[in-house]
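A.B. asks: My structure file coords-v6.txt, compact mmCIF, C-alpha atoms, is below:
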```txt
# COMPACT_ATOMS: atom_id res chain seq x y z
CA THR A 1 21.23 -49.27 31.52
CA LEU A 2 18.87 -46.63 32.85
CA THR A 3 21.44 -43.95 32.02
CA LEU A 4 21.80 -45.30 28.49
CA ILE A 5 18.01 -45.30 27.93
CA LEU A 6 17.71 -41.70 29.20
CA ALA A 7 20.65 -40.60 27.05
CA LEU A 8 18.95 -42.01 23.94
CA THR A 9 15.39 -40.76 24.62
CA ILE A 10 15.97 -37.18 25.85
CA PRO A 11 17.30 -35.91 22.47
CA VAL A 12 14.19 -37.36 20.79
CA LEU A 13 11.97 -35.21 23.04
CA ALA A 14 13.86 -32.00 22.21
CA GLN A 15 12.54 -29.82 19.37
CA ASP A 16 14.44 -27.52 17.07
CA GLN A 17 14.20 -23.85 17.93
CA THR A 18 13.15 -21.64 15.02
CA LEU A 19 12.75 -17.92 14.50
CA LEU A 20 8.96 -18.04 14.00
CA GLY A 21 8.21 -21.07 16.15
CA ASN A 22 6.86 -24.45 15.13
CA ASP A 23 3.13 -23.62 14.97
CA ILE A 24 2.95 -21.02 12.22
CA SER A 25 -0.49 -19.93 11.07
CA HIS A 26 -1.09 -18.59 7.56
CA GLY A 27 -3.77 -16.42 6.00
CA GLY A 28 -4.26 -13.84 3.33
CA PHE A 29 -6.34 -10.83 2.35
CA GLY A 30 -7.08 -8.40 -0.44
CA GLY A 31 -9.19 -5.32 -0.79
CA PRO A 32 -9.78 -1.83 -2.16
CA VAL A 33 -8.13 1.36 -0.86
CA ALA A 34 -8.97 5.05 -1.34
CA LYS A 35 -6.34 7.67 -0.49
CA PHE A 36 -7.05 11.39 -0.11
CA THR A 37 -4.02 13.60 -0.63
CA ASN A 38 -2.53 16.80 -2.06
CA ILE A 39 -0.72 16.62 -5.43
CA ASP A 40 0.63 19.69 -7.22
CA ASN A 41 -1.14 21.90 -4.64
CA GLN A 42 -4.54 20.37 -5.47
CA PHE A 43 -6.79 17.88 -3.68
CA GLY A 44 -6.34 14.44 -5.22
CA VAL A 45 -7.95 11.03 -4.84
CA LEU A 46 -6.01 7.82 -5.43
CA VAL A 47 -7.82 4.49 -5.72
CA GLY A 48 -6.32 1.04 -5.78
CA GLY A 49 -5.85 -2.02 -3.67
CA ARG A 50 -3.55 -4.03 -1.48
CA GLY A 51 -3.20 -7.62 -0.48
CA GLY A 52 -0.86 -9.92 1.32
CA TRP A 53 0.14 -13.17 2.96
CA ILE A 54 -0.47 -13.10 6.73
CA ILE A 55 1.98 -15.01 8.93
CA ASN A 56 1.03 -15.71 12.56
CA HIS A 57 -1.83 -13.17 12.36
CA SER A 58 0.60 -10.22 12.60
CA LEU A 59 3.34 -10.16 9.95
CA ILE A 60 2.11 -9.37 6.43
CA LEU A 61 4.11 -9.62 3.20
CA GLY A 62 2.31 -8.24 0.18
CA GLY A 63 1.88 -5.47 -2.30
CA GLY A 64 -0.29 -2.56 -3.26
CA GLY A 65 -0.93 -0.15 -6.08
CA TYR A 66 -2.78 3.14 -6.50
CA GLY A 67 -3.82 5.37 -9.39
CA LEU A 68 -4.90 8.99 -9.49
CA VAL A 69 -8.59 9.40 -10.34
CA GLN A 70 -8.88 10.67 -13.92
CA ASP A 71 -9.24 14.45 -14.44
CA ASN A 72 -8.47 14.96 -10.76
CA ILE A 73 -5.38 17.19 -10.99
CA ASN A 74 -5.80 19.96 -13.58
CA ARG A 75 -2.61 21.29 -15.14
CA ARG A 76 -3.83 23.82 -17.69
CA TYR A 77 -7.11 25.13 -19.07
CA LEU A 78 -6.85 25.17 -22.88
CA GLY A 79 -10.39 26.23 -23.81
CA PRO A 80 -14.06 25.57 -23.06
CA ASP A 81 -13.88 21.89 -24.09
CA GLU A 82 -10.19 21.22 -23.61
CA LYS A 83 -7.94 20.87 -20.58
CA GLN A 84 -4.68 19.26 -19.52
CA TYR A 85 -4.46 17.12 -16.42
CA LEU A 86 -1.98 14.90 -14.61
CA THR A 87 -2.13 11.09 -14.56
CA MET A 88 -0.20 9.18 -11.92
CA GLY A 89 0.07 5.67 -10.56
CA TYR A 90 2.44 3.78 -8.28
CA PHE A 91 2.82 0.30 -6.85
CA GLY A 92 5.23 -1.61 -4.67
CA ALA A 93 6.04 -4.32 -2.17
CA MET A 94 4.56 -3.93 1.29
CA LEU A 95 5.66 -5.05 4.73
CA GLU A 96 3.15 -4.70 7.56
CA TYR A 97 3.08 -5.50 11.25
CA ASP A 98 -0.37 -5.76 12.87
CA ILE A 99 -0.33 -5.09 16.63
CA HIS A 100 -2.89 -7.18 18.60
CA PRO A 101 -4.91 -8.22 15.49
CA SER A 102 -7.48 -10.21 17.52
CA ARG A 103 -8.71 -7.10 19.35
CA LEU A 104 -11.84 -5.34 18.06
CA VAL A 105 -9.81 -2.20 17.26
CA HIS A 106 -6.09 -2.51 16.57
CA THR A 107 -3.18 -0.74 14.90
CA SER A 108 -0.81 -1.71 12.12
CA ILE A 109 2.36 -0.20 10.71
CA ILE A 110 2.91 -0.49 6.94
CA MET A 111 5.81 0.29 4.59
CA LEU A 112 5.42 0.39 0.80
CA ILE A 113 8.53 0.62 -1.39
CA GLY A 114 8.17 0.73 -5.16
CA GLY A 115 7.89 2.87 -8.24
CA GLY A 116 5.45 4.96 -10.18
CA GLU A 117 4.78 6.92 -13.33
CA LEU A 118 3.57 10.45 -14.08
CA ASN A 119 2.07 11.54 -17.35
CA GLN A 120 0.17 14.48 -18.74
CA ALA A 121 -3.06 14.01 -20.69
CA THR A 122 -5.26 16.35 -22.71
CA ARG A 123 -9.03 16.00 -22.87
CA HIS A 124 -10.65 17.24 -26.11
CA HIS A 125 -14.45 17.16 -25.71
CA ASP A 126 -14.91 13.45 -24.89
CA SER A 127 -11.62 12.04 -26.19
CA ILE A 128 -8.37 11.72 -24.26
CA ASP A 129 -4.85 12.14 -25.64
CA ILE A 130 -2.09 10.88 -23.36
CA ASN A 131 1.38 12.09 -24.19
CA GLY A 132 3.31 8.89 -23.44
CA ALA A 133 6.57 10.24 -24.86
CA THR A 134 7.05 12.52 -21.87
CA LYS A 135 6.21 10.13 -19.03
CA ASP A 136 8.28 10.41 -15.89
CA ASN A 137 9.14 7.44 -13.65
CA PHE A 138 9.80 7.87 -9.94
CA PHE A 139 10.75 5.93 -6.80
CA VAL A 140 8.26 5.90 -3.91
CA CYS A 141 8.57 5.01 -0.22
CA GLU A 142 5.36 5.34 1.82
CA PRO A 143 5.22 4.58 5.55
CA GLU A 144 1.69 4.33 6.95
CA ILE A 145 -0.12 3.74 10.22
CA ASN A 146 -3.63 2.25 10.23
CA VAL A 147 -6.34 1.79 12.84
CA THR A 148 -8.45 -1.25 11.96
CA LEU A 149 -11.91 -2.36 13.09
CA ASN A 150 -12.67 -6.10 12.92
CA LEU A 151 -16.20 -6.09 11.42
CA VAL A 152 -16.69 -9.86 10.97
CA ASN A 153 -14.32 -12.85 10.75
CA PHE A 154 -13.53 -12.24 7.07
CA MET A 155 -13.75 -8.41 6.83
CA ARG A 156 -11.83 -5.46 8.28
CA LEU A 157 -12.30 -1.69 7.90
CA GLY A 158 -9.27 0.55 8.30
CA ILE A 159 -8.51 4.26 8.37
CA GLY A 160 -4.98 5.52 8.25
CA GLY A 161 -2.43 8.15 7.52
CA SER A 162 0.69 7.94 5.40
CA TYR A 163 3.44 10.10 3.93
CA ARG A 164 4.52 9.56 0.32
CA PHE A 165 8.26 10.18 -0.20
CA VAL A 166 9.23 10.33 -3.89
CA SER A 167 12.44 10.72 -5.86
CA GLY A 168 13.04 11.20 -9.57
CA VAL A 169 10.26 13.62 -10.58
CA GLU A 170 11.71 15.93 -13.24
CA SER A 171 9.01 16.52 -15.91
CA PHE A 172 6.00 18.74 -16.57
CA GLY A 173 7.42 21.52 -14.40
CA LEU A 174 7.00 19.32 -11.31
CA THR A 175 9.45 18.41 -8.57
CA ASN A 176 9.52 15.66 -5.94
CA SER A 177 7.85 17.99 -3.41
CA ASP A 178 4.86 18.51 -5.76
CA ILE A 179 4.11 14.77 -5.70
CA ALA A 180 5.26 13.87 -2.16
CA GLY A 181 2.99 14.49 0.78
CA PRO A 182 0.63 13.17 3.44
CA ALA A 183 -2.46 11.11 2.68
CA ALA A 184 -5.49 9.84 4.58
CA SER A 185 -6.73 6.38 3.61
CA LEU A 186 -9.83 4.22 3.84
CA THR A 187 -9.35 0.45 3.41
CA LEU A 188 -11.57 -2.62 3.25
CA ARG A 189 -9.92 -6.02 3.70
CA PHE A 190 -11.46 -9.37 2.87
CA GLY A 191 -9.73 -12.63 3.72
CA ASN A 192 -8.61 -15.23 6.21
CA PHE A 193 -7.04 -13.34 9.09
```
If you convert what's in this file into structure tokens, what do you get?

C.D. replies:
Amino acid sequence: TLTLILALTIPVLAQDQTLLGNDISHGGFGGPVAKFTNIDNQFGVLVGGRGGWIINHSLILGGGGYGLVQDNINRRYLGPDEKQYLTMGYFGAMLEYDIHPSRLVHTSIIMLIGGGELNQATRHHDSIDINGATKDNFFVCEPEINVTLNLVNFMRLGIGGSYRFVSGVESFGLTNSDIAGPAASLTLRFGNF
């Protein structure tokens, strides 16, 4: 009888093994990002944001998007009150792994994969004419490494470096190499980490 009781109770004590374990914690964040880069051989500033679902404090599934600051990349001077400039934006899905996120200063590795759009606009005095008929869509893959400072429980400050790989740029006399390149970033994150 003792053997029968043990045979029936031991399987009840066993737990299923799972990939992420049984005690999974969840959180999330969102925040603004500024990227400083070189586009078409000119200094460019991209602004945007990123956010995500945090699993077990380290694995992050999310997304991000960035747009070139208006008038930032000049293409052609047409006169005293008229110029052409480049507009650009891209967005995508992001996968991130945060290494030792509970430490005051820690590192994370990020990968963004998505798409973007280039366009050329003309500024006449104070009005803007965007030539939407000649927009150019492209694929983007951007690996990034960040160093993050835990400011308070709900806020993080990060600085990082990335490289923007692009494919499909064929308009406005530009190539992939004119849009691809390294970037430095500054990020604020607000959320439940």

A.B. asks: Which residue, A:Glu170, A:Asp178, A:Asp136, A:Asp98, has the smallest gap to Thr148 (chain A) when you use only C-alpha atoms?

C.D. replies: A:Asp98

A.B. asks: At a cut-off of 8 Å, using only C-alpha atoms, what residues contact region 179-193 of chain A? Leave out same-chain residues fewer than 6 positions from it and give the result as number ranges by chain.

C.D. replies: A: 27-40, 54, 57, 153-166, 169

A.B. asks: Measuring between all atoms listed in the file, which one of A:Leu104, A:Val47, A:Ala121, A:Leu61 shows the shortest distance to Gln84 (chain A)?

C.D. replies: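 Nearest to Gln84 (chain A): A:Ala121.
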
A.B. asks: Neighbourhood query: residues within 7 Å of (6.4, 12.1, -17.5), file coordinates, counting only C-alpha atoms; return as a list in words.

C.D. replies: Glu117, Leu118, Asn119, Gln120, Thr134, Lys135, Asp136, Asn137, Ser171 and Phe172 of chain A

A.B. asks: Identify, on the basis of only C-alpha atoms, every residue whose closest approach to Ile73 (chain A) does not exceed 10 Å; exclude the query and any residue fewer than 3 positions from it along the same chain; express the result as a PyMOL selection string.

C.D. replies: chain A and resi 38-45+68-70+76+84-88+120

A.B. asks: Keeping C-alpha atoms for every residue in the selection just given, could you write it to a file as a short mmCIF file (atom, residue, chain, number, x, y, z; two decimals), in the coordinates of the input?

C.D. replies:
```cif
data_model
loop_
_atom_site.label_atom_id
_atom_site.label_comp_id
_atom_site.auth_asym_id
_atom_site.auth_seq_id
_atom_site.Cartn_x
_atom_site.Cartn_y
_atom_site.Cartn_z
CA ASN A 38 -2.53 16.80 -2.06
CA ILE A 39 -0.72 16.62 -5.43
CA ASP A 40 0.63 19.69 -7.22
CA ASN A 41 -1.14 21.90 -4.64
CA GLN A 42 -4.54 20.37 -5.47
CA PHE A 43 -6.79 17.88 -3.68
CA GLY A 44 -6.34 14.44 -5.22
CA VAL A 45 -7.95 11.03 -4.84
CA LEU A 68 -4.90 8.99 -9.49
CA VAL A 69 -8.59 9.40 -10.34
CA GLN A 70 -8.88 10.67 -13.92
CA ARG A 76 -3.83 23.82 -17.69
CA GLN A 84 -4.68 19.26 -19.52
CA TYR A 85 -4.46 17.12 -16.42
CA LEU A 86 -1.98 14.90 -14.61
CA THR A 87 -2.13 11.09 -14.56
CA MET A 88 -0.20 9.18 -11.92
CA GLN A 120 0.17 14.48 -18.74
#
```

A.B. asks: Which polymer residues have any atom within 7 Å of an atom of Gly62 (chain A), counting only C-alpha atoms, with same-chain residues fewer than 4 positions away left out, as a PyMOL selection string?

C.D. replies: chain A and resi 51-53+93-95

A.B. asks: Once you have the residues from the selection above, write them out as a JSON list (two decimals), in the frame of the given file, restricted to C-alpha atoms.

C.D. replies:
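Output file again10.json is given in full below:
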```
[["chain", "number", "residue", "atom", "x", "y", "z"],
["A", 51, "GLY", "CA", -3.20, -7.62, -0.48],
["A", 52, "GLY", "CA", -0.86, -9.92, 1.32],
["A", 53, "TRP", "CA", 0.14, -13.17, 2.96],
["A", 93, "ALA", "CA", 6.04, -4.32, -2.17],
["A", 94, "MET", "CA", 4.56, -3.93, 1.29],
["A", 95, "LEU", "CA", 5.66, -5.05, 4.73]]
```

A.B. asks: I'd like the box whose edges run along x, y and z of the file and which contains every listed atom of region 50-56 of chain A, padded by 8 Å per side; could you state its centre and edge lengths in Å, one decimal, as lines of an AutoDock Vina configuration file?

C.D. replies:
```
center_x = -0.8
center_y = -9.9
center_z = 5.5
size_x = 21.5
size_y = 27.7
size_z = 30.0
```

A.B. asks: List every protein, DNA or RNA residue that has at least one atom no more than 9 Å from (-13.3, -1.4, 16.4) in the file's coordinates, counting all atoms listed in the file, and write the result as a ChimeraX atom specification.

C.D. replies: /A:103-106,147-151,157

A.B. asks: Using only C-alpha atoms, can you tell me which of A:Ser58, A:Ile109, A:Thr122, A:Gly48 comes closest to Asp71 (chain A)?

C.D. replies: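 Of A:Ser58, A:Ile109, A:Thr122, A:Gly48, the one nearest Asp71 (chain A), counting only C-alpha atoms, is A:Thr122.
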
A.B. asks: What is the CA of Tyr90 (chain A) to CA of Phe139 (chain A) distance in Å?

C.D. replies: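 The value is 8.7 Å.
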
A.B. asks: By how many Å are CA of Met111 (chain A) and CA of Glu96 (chain A) apart?

C.D. replies: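 Separation of CA of Met111 (chain A) and CA of Glu96 (chain A): 6.4 Å.
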
A.B. asks: What is the distance, in Å and to one decimal place, between CA of Tyr66 (chain A) and CA of His100 (chain A)?

C.D. replies: 27.1 Å
